[in-house]
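Trainee: Got a structure for you, final_30.pdb, holding PDB, C-alpha atoms.
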MODEL        1
ATOM      1  CA  MET A   1     105.699  74.844  59.544
ATOM      2  CA  PRO A   2     105.435  72.067  62.151
ATOM      3  CA  PRO A   3     105.405  73.009  65.841
ATOM      4  CA  ILE A   4     108.452  72.448  68.043
ATOM      5  CA  LEU A   5     107.929  70.100  70.978
ATOM      6  CA  THR A   6     109.972  69.582  74.124
ATOM      7  CA  LYS A   7     111.346  66.152  75.065
ATOM      8  CA  ASP A   8     108.285  65.513  77.220
ATOM      9  CA  GLY A   9     105.925  66.411  74.379
ATOM     10  CA  ASN A  10     104.913  69.919  75.444
ATOM     11  CA  LEU A  11     104.689  72.759  72.943
ATOM     12  CA  ALA A  12     107.895  74.818  72.879
ATOM     13  CA  SER A  13     107.007  77.026  69.899
ATOM     14  CA  THR A  14     104.541  77.062  67.030
ATOM     15  CA  SER A  15     107.345  76.848  64.444
ATOM     16  CA  LYS A  16     111.056  77.399  63.780
ATOM     17  CA  GLU A  17     110.068  80.403  61.691
ATOM     18  CA  ASN A  18     108.414  82.055  64.686
ATOM     19  CA  VAL A  19     111.446  81.341  66.830
ATOM     20  CA  LYS A  20     113.656  83.138  64.327
ATOM     21  CA  ALA A  21     111.261  85.976  63.496
ATOM     22  CA  ASN A  22     109.741  86.667  66.900
ATOM     23  CA  GLY A  23     111.866  84.832  69.457
ATOM     24  CA  GLU A  24     108.824  82.692  70.257
ATOM     25  CA  VAL A  25     109.714  80.157  72.961
ATOM     26  CA  PHE A  26     107.062  79.138  75.480
ATOM     27  CA  THR A  27     107.943  78.901  79.169
ATOM     28  CA  PRO A  28     107.703  75.251  80.300
ATOM     29  CA  GLU A  29     105.237  74.351  83.028
ATOM     30  CA  TYR A  30     107.822  73.559  85.701
ATOM     31  CA  ILE A  31     109.368  77.025  85.387
ATOM     32  CA  VAL A  32     105.911  78.625  85.433
ATOM     33  CA  ASN A  33     105.134  76.715  88.639
ATOM     34  CA  ASP A  34     108.430  77.722  90.268
ATOM     35  CA  MET A  35     107.965  81.386  89.401
ATOM     36  CA  MET A  36     104.348  81.497  90.556
ATOM     37  CA  ALA A  37     105.384  79.860  93.843
ATOM     38  CA  MET A  38     107.508  82.946  94.573
ATOM     39  CA  ILE A  39     104.450  85.212  94.656
ATOM     40  CA  PRO A  40     103.133  85.910  98.182
ATOM     41  CA  SER A  41      99.784  84.256  98.893
ATOM     42  CA  GLU A  42      98.253  87.529 100.084
ATOM     43  CA  PHE A  43      98.951  89.058  96.655
ATOM     44  CA  LEU A  44      97.252  86.165  94.866
ATOM     45  CA  ALA A  45      94.203  86.521  97.110
ATOM     46  CA  ASP A  46      93.977  90.267  96.507
ATOM     47  CA  SER A  47      91.143  91.093  94.096
ATOM     48  CA  SER A  48      92.781  94.469  93.378
ATOM     49  CA  ALA A  49      96.173  93.034  92.374
ATOM     50  CA  VAL A  50      96.479  92.802  88.590
ATOM     51  CA  MET A  51      98.976  90.419  86.997
ATOM     52  CA  ILE A  52     100.306  91.279  83.538
ATOM     53  CA  GLU A  53     101.908  88.750  81.180
ATOM     54  CA  PRO A  54     103.395  90.803  78.295
ATOM     55  CA  THR A  55     104.276  87.761  76.167
ATOM     56  CA  CYS A  56     101.564  85.259  77.048
ATOM     57  CA  GLY A  57     102.051  82.817  74.157
ATOM     58  CA  THR A  58      99.554  79.971  74.469
ATOM     59  CA  GLY A  59      98.768  80.955  78.047
ATOM     60  CA  ASN A  60     100.985  78.842  80.301
ATOM     61  CA  PHE A  61     101.319  81.660  82.825
ATOM     62  CA  LEU A  62      97.708  82.777  82.380
ATOM     63  CA  VAL A  63      96.417  79.292  83.166
ATOM     64  CA  LYS A  64      98.552  79.095  86.313
ATOM     65  CA  MET A  65      97.495  82.600  87.310
ATOM     66  CA  TYR A  66      93.859  81.598  86.958
ATOM     67  CA  THR A  67      94.074  78.345  88.903
ATOM     68  CA  THR A  68      96.212  79.883  91.657
ATOM     69  CA  LYS A  69      93.966  82.908  92.112
ATOM     70  CA  ARG A  70      90.858  80.705  92.202
ATOM     71  CA  LEU A  71      92.443  78.516  94.861
ATOM     72  CA  ALA A  72      93.228  81.684  96.807
ATOM     73  CA  GLY A  73      89.505  82.415  96.986
ATOM     74  CA  LEU A  74      88.806  84.856  94.157
ATOM     75  CA  THR A  75      85.609  84.470  92.129
ATOM     76  CA  ILE A  76      85.785  83.598  88.435
ATOM     77  CA  ASN A  77      85.121  87.193  87.372
ATOM     78  CA  GLU A  78      87.552  88.618  89.922
ATOM     79  CA  THR A  79      90.221  86.231  88.694
ATOM     80  CA  LEU A  80      89.736  86.997  85.000
ATOM     81  CA  ASN A  81      89.515  90.712  85.734
ATOM     82  CA  THR A  82      92.954  90.698  87.365
ATOM     83  CA  ILE A  83      94.751  88.859  84.554
ATOM     84  CA  ILE A  84      96.060  90.685  81.481
ATOM     85  CA  GLY A  85      97.910  88.955  78.653
ATOM     86  CA  MET A  86      99.468  90.319  75.478
ATOM     87  CA  GLU A  87     100.886  88.481  72.485
ATOM     88  CA  LEU A  88     101.944  89.369  68.943
ATOM     89  CA  ASN A  89     100.876  86.020  67.432
ATOM     90  CA  GLU A  90      97.108  86.076  66.949
ATOM     91  CA  LYS A  91      96.897  82.287  66.716
ATOM     92  CA  THR A  92      98.418  81.792  70.151
ATOM     93  CA  VAL A  93      96.124  84.479  71.571
ATOM     94  CA  VAL A  94      93.210  82.270  70.467
ATOM     95  CA  VAL A  95      94.792  79.252  72.176
ATOM     96  CA  ALA A  96      95.350  81.210  75.399
ATOM     97  CA  GLN A  97      91.764  82.468  75.423
ATOM     98  CA  THR A  98      90.408  78.984  74.768
ATOM     99  CA  ARG A  99      92.423  77.496  77.623
ATOM    100  CA  LEU A 100      90.960  80.066  80.003
ATOM    101  CA  TYR A 101      87.440  79.309  78.752
ATOM    102  CA  GLU A 102      88.026  75.619  79.421
ATOM    103  CA  LEU A 103      88.961  76.419  83.016
ATOM    104  CA  VAL A 104      85.956  78.706  83.423
ATOM    105  CA  ALA A 105      83.539  76.142  81.985
ATOM    106  CA  ASN A 106      84.934  73.461  84.297
ATOM    107  CA  ASP A 107      84.575  75.768  87.311
ATOM    108  CA  MET A 108      80.995  76.565  86.332
ATOM    109  CA  ILE A 109      80.219  72.850  86.227
ATOM    110  CA  GLN A 110      81.831  72.388  89.644
ATOM    111  CA  MET A 111      79.646  75.218  90.940
ATOM    112  CA  GLY A 112      76.561  73.289  89.872
ATOM    113  CA  ILE A 113      75.508  75.681  87.128
ATOM    114  CA  LYS A 114      73.392  73.765  84.645
ATOM    115  CA  GLN A 115      74.987  73.638  81.208
ATOM    116  CA  ALA A 116      73.092  75.425  78.424
ATOM    117  CA  SER A 117      70.874  77.161  81.006
ATOM    118  CA  LYS A 118      70.227  80.911  80.971
ATOM    119  CA  GLN A 119      72.516  81.303  83.985
ATOM    120  CA  TRP A 120      75.240  79.296  82.215
ATOM    121  CA  PHE A 121      75.256  81.455  79.105
ATOM    122  CA  ARG A 122      74.808  84.723  81.011
ATOM    123  CA  MET A 123      77.913  83.947  83.051
ATOM    124  CA  ALA A 124      79.789  82.620  80.003
ATOM    125  CA  ILE A 125      79.103  85.797  78.041
ATOM    126  CA  GLU A 126      80.424  87.972  80.866
ATOM    127  CA  CYS A 127      83.576  85.859  81.124
ATOM    128  CA  VAL A 128      84.192  85.977  77.377
ATOM    129  CA  MET A 129      83.778  89.750  77.423
ATOM    130  CA  ILE A 130      86.441  90.053  80.113
ATOM    131  CA  VAL A 131      88.864  87.627  78.455
ATOM    132  CA  ARG A 132      88.494  89.149  74.986
ATOM    133  CA  ASN A 133      89.242  92.540  76.482
ATOM    134  CA  ASN A 134      92.112  91.440  78.743
ATOM    135  CA  ILE A 135      93.912  88.906  76.499
ATOM    136  CA  PHE A 136      94.795  90.624  73.263
ATOM    137  CA  LYS A 137      97.170  90.945  70.315
ATOM    138  CA  VAL A 138      99.817  93.673  70.184
ATOM    139  CA  LYS A 139     102.477  94.556  67.638
ATOM    140  CA  ASP A 140     105.293  94.835  70.175
ATOM    141  CA  SER A 141     104.806  94.090  73.876
ATOM    142  CA  LEU A 142     108.111  95.754  74.837
ATOM    143  CA  ILE A 143     106.926  99.044  73.374
ATOM    144  CA  VAL A 144     103.555  98.622  75.084
ATOM    145  CA  MET A 145     105.194  97.992  78.469
ATOM    146  CA  ASN A 146     107.626 100.889  78.043
ATOM    147  CA  GLU A 147     104.735 103.201  77.210
ATOM    148  CA  TYR A 148     102.763 101.829  80.160
ATOM    149  CA  ALA A 149     105.620 102.720  82.506
ATOM    150  CA  LYS A 150     105.217 106.307  81.291
ATOM    151  CA  GLY A 151     101.455 106.224  81.805
ATOM    152  CA  LYS A 152     100.478 106.166  78.158
ATOM    153  CA  GLY A 153      99.791 103.852  75.226
ATOM    154  CA  THR A 154      97.713 100.732  74.611
ATOM    155  CA  LEU A 155      97.821  99.234  78.096
ATOM    156  CA  ALA A 156      97.593 102.515  79.976
ATOM    157  CA  ASN A 157      94.477 103.389  77.971
ATOM    158  CA  LYS A 158      92.911  99.937  78.334
ATOM    159  CA  LYS A 159      89.522 100.033  80.046
ATOM    160  CA  PHE A 160      88.219  97.211  82.210
ATOM    161  CA  VAL A 161      84.847  95.785  81.183
ATOM    162  CA  PHE A 162      82.825  95.902  84.391
ATOM    163  CA  SER A 163      85.011  97.207  87.186
ATOM    164  CA  ASP A 164      88.534  98.493  87.655
ATOM    165  CA  PRO A 165      90.247  96.360  90.323
ATOM    166  CA  THR A 166      92.959  98.995  90.794
ATOM    167  CA  GLY A 167      90.446 101.557  92.022
ATOM    168  CA  ASN A 168      91.261 104.070  89.283
ATOM    169  CA  ASN A 169      87.787 103.783  87.722
ATOM    170  CA  GLU A 170      89.188 102.973  84.282
ATOM    171  CA  VAL A 171      86.022 101.259  83.059
ATOM    172  CA  MET A 172      84.315 101.005  79.678
ATOM    173  CA  THR A 173      81.445 103.355  78.976
ATOM    174  CA  ASP A 174      77.974 101.821  78.727
ATOM    175  CA  LYS A 175      78.173 102.228  74.957
ATOM    176  CA  GLN A 176      81.531 100.422  74.727
ATOM    177  CA  ARG A 177      80.354  97.625  77.013
ATOM    178  CA  THR A 178      77.121  97.163  75.059
ATOM    179  CA  ALA A 179      79.042  96.985  71.783
ATOM    180  CA  LEU A 180      81.349  94.298  73.176
ATOM    181  CA  GLU A 181      78.438  92.365  74.662
ATOM    182  CA  THR A 182      76.619  92.448  71.315
ATOM    183  CA  LYS A 183      79.679  91.026  69.537
ATOM    184  CA  VAL A 184      80.040  88.240  72.083
ATOM    185  CA  LYS A 185      76.336  87.354  72.012
ATOM    186  CA  THR A 186      76.471  87.256  68.215
ATOM    187  CA  ALA A 187      79.453  84.898  68.367
ATOM    188  CA  PHE A 188      77.591  82.603  70.781
ATOM    189  CA  ARG A 189      74.524  82.601  68.551
ATOM    190  CA  LYS A 190      76.576  81.807  65.449
ATOM    191  CA  HIS A 191      78.322  78.947  67.250
ATOM    192  CA  LYS A 192      74.971  77.526  68.321
ATOM    193  CA  ASP A 193      73.671  77.846  64.751
ATOM    194  CA  GLY A 194      76.594  75.925  63.289
ATOM    195  CA  THR A 195      79.354  78.474  62.652
ATOM    196  CA  LYS A 196      81.736  76.892  65.117
ATOM    197  CA  SER A 197      84.170  79.012  67.110
ATOM    198  CA  ILE A 198      87.247  77.302  68.559
ATOM    199  CA  THR A 199      87.376  79.633  71.526
ATOM    200  CA  LEU A 200      83.701  79.260  72.492
ATOM    201  CA  ALA A 201      83.612  75.459  72.139
ATOM    202  CA  PRO A 202      84.205  74.799  75.890
ATOM    203  CA  PHE A 203      80.902  76.454  76.753
ATOM    204  CA  PHE A 204      79.009  74.172  74.383
ATOM    205  CA  GLY A 205      80.684  70.938  75.441
ATOM    206  CA  ASP A 206      82.292  70.571  71.988
TER     207      ASP A 206
ENDMDL
END
Could you render the structure as structure tokens?
Mentor:
Amino acid sequence: MPPILTKDGNLASTSKENVKANGEVFTPEYIVNDMMAMIPSEFLADSSAVMIEPTCGTGNFLVKMYTTKRLAGLTINETLNTIIGMELNEKTVVVAQTRLYELVANDMIQMGIKQASKQWFRMAIECVMIVRNNIFKVKDSLIVMNEYAKGKGTLANKKFVFSDPTGNNEVMTDKQRTALETKVKTAFRKHKDGTKSITLAPFFGD
């Protein structure tokens, strides 16, 4: 099942089968840019304004959300904490997460954080915790969004990792946060020991 590419070589879909089965067609970059340009700058700079992408694919919108919010002055954690992405294809969820990690790792370098230092990995672990929680697989994003509009379901019950930017105090319990942190730390350790993870590679310079 070869991927489908646009005339300029960008990924349009992972396969014809996914187009037929799931209507999978990725929004091209120029449309993403045009749509993001319509969003008021004060909204992008608001650390309490959460942006939801119900069909995030490989993360074209998520990447633009991240870079735009960072340029607007938000910190890395504030930016990641105000981006939520859902997707029914687990493989493209992995791609979207990895693209965000690449941006985070590059920003950390620009900030002068020494690679492979304790500060580097402490910050990386926090970012991975947020992204793994906020960018996730769903069975049907339309159902999730419809339920969310009624104040129930997967997204309505989703807890933020460290802080709730909306002010509703929907945050993980200490037990939930510790469990997630343990999983992420284990994944980092396994990657370092040779069990390579595609998503975590940007933090190891792979």
Trainee: Would you mind reading off the distance between CA of Glu42 (chain A) and CA of Leu74 (chain A), one decimal, in Å?
Mentor: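 Spanning CA of Glu42 (chain A) to CA of Leu74 (chain A) is a straight-line distance of 11.5 Å.
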Trainee: Find the spatial neighbours of Thr68 (chain A), counting only C-alpha atoms, within a cut-off of 10 Å - ignore same-chain residues fewer than 2 positions away - and output them as a ChimeraX atom specification.
Mentor: /A:33,36-37,41,44-45,62-66,70-74,79
Trainee: Determine the nearest neighbour of Ala179 (chain A) from the options A:Ala201, A:Ile143, A:Met129, A:Met111, counting all atoms listed in the file.
Mentor: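 The answer is A:Met129, which sits nearest to Ala179 (chain A).
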Trainee: Using only C-alpha atoms, which protein or nucleic acid residues come within 9 Å of Val171 (chain A)? Drop anything in the same chain fewer than 3 positions from it, and give the result as a VMD selection string.
Mentor: chain A and resid 158 to 164 168
Trainee: Can you measure CA of Leu180 (chain A) to CA of Cys127 (chain A) for me? One decimal in Å is fine.
Mentor: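 Computing it gives 11.8 Å between the two atoms.
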Trainee: Hey, can you check how far CA of Leu88 (chain A) sits from CA of Thr199 (chain A)?
Mentor: 17.7 Å
Trainee: Going by the chain IDs and residue numbers used in this file, which residues fall under the PyMOL selection byres ((chain A and resi 103) around 12)? Write them as a PyMOL selection string.
Mentor: chain A and resi 59+62-68+70+76+79-80+96-102+104-110+124+127+202-203
Trainee: Would you list the residues near (100.8, 95.7, 71.7), meaning any protein, DNA or RNA residue with an atom at most 10 Å from that point in file coordinates, counting all atoms listed in the file, as a ChimeraX atom specification?
Mentor: /A:54-55,86-88,136-145,153-155
Trainee: Selected by the PyMOL selection byres ((chain A and resi 57) around 9) in the shown coordinates: which residues, as a JSON list (two decimals) with C-alpha atoms, keeping the file's coordinate frame?
Mentor:
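New file part.json:
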[["chain", "number", "residue", "atom", "x", "y", "z"],
["A", 13, "SER", "CA", 107.01, 77.03, 69.90],
["A", 24, "GLU", "CA", 108.82, 82.69, 70.26],
["A", 25, "VAL", "CA", 109.71, 80.16, 72.96],
["A", 26, "PHE", "CA", 107.06, 79.14, 75.48],
["A", 27, "THR", "CA", 107.94, 78.90, 79.17],
["A", 55, "THR", "CA", 104.28, 87.76, 76.17],
["A", 56, "CYS", "CA", 101.56, 85.26, 77.05],
["A", 58, "THR", "CA", 99.55, 79.97, 74.47],
["A", 59, "GLY", "CA", 98.77, 80.96, 78.05],
["A", 60, "ASN", "CA", 100.98, 78.84, 80.30],
["A", 61, "PHE", "CA", 101.32, 81.66, 82.82],
["A", 85, "GLY", "CA", 97.91, 88.96, 78.65],
["A", 86, "MET", "CA", 99.47, 90.32, 75.48],
["A", 87, "GLU", "CA", 100.89, 88.48, 72.48],
["A", 88, "LEU", "CA", 101.94, 89.37, 68.94],
["A", 89, "ASN", "CA", 100.88, 86.02, 67.43],
["A", 92, "THR", "CA", 98.42, 81.79, 70.15],
["A", 93, "VAL", "CA", 96.12, 84.48, 71.57],
["A", 95, "VAL", "CA", 94.79, 79.25, 72.18],
["A", 96, "ALA", "CA", 95.35, 81.21, 75.40]]
Trainee: Applying the PyMOL selection byres ((chain A and resi 181) around 10) to the file I just gave you, which residues come out? Please list them as a VMD selection string.
Mentor: chain A and resid 125 to 126 128 to 130 161 175 to 180 182 to 187
Trainee: Please put the answer as JSON: centre and edge lengths, in Å with one decimal, of a box along x, y and z that encloses all listed atoms of region 140-154 of chain A plus 6 Å on each side.
Mentor:
{"center_x": 102.9, "center_y": 100.2, "center_z": 76.3, "size_x": 22.4, "size_y": 24.2, "size_z": 24.3}
Trainee: Pick out the residues sitting within 9 Å of Ser47 (chain A), and hand them over as a PDB file with C-alpha atoms, keeping the file's coordinate frame; count all atoms listed in the file, and ignore anything fewer than 5 positions along from it in its own chain.
Mentor:
ATOM      1  CA  LYS A  69      93.966  82.908  92.112  1.00  0.00           C
ATOM      2  CA  LEU A  74      88.806  84.856  94.157  1.00  0.00           C
ATOM      3  CA  THR A  75      85.609  84.470  92.129  1.00  0.00           C
ATOM      4  CA  GLU A  78      87.552  88.618  89.922  1.00  0.00           C
ATOM      5  CA  THR A  79      90.221  86.231  88.694  1.00  0.00           C
ATOM      6  CA  ASN A  81      89.515  90.712  85.734  1.00  0.00           C
ATOM      7  CA  THR A  82      92.954  90.698  87.365  1.00  0.00           C
ATOM      8  CA  PRO A 165      90.247  96.360  90.323  1.00  0.00           C
ATOM      9  CA  THR A 166      92.959  98.995  90.794  1.00  0.00           C
TER      10      THR A 166
END
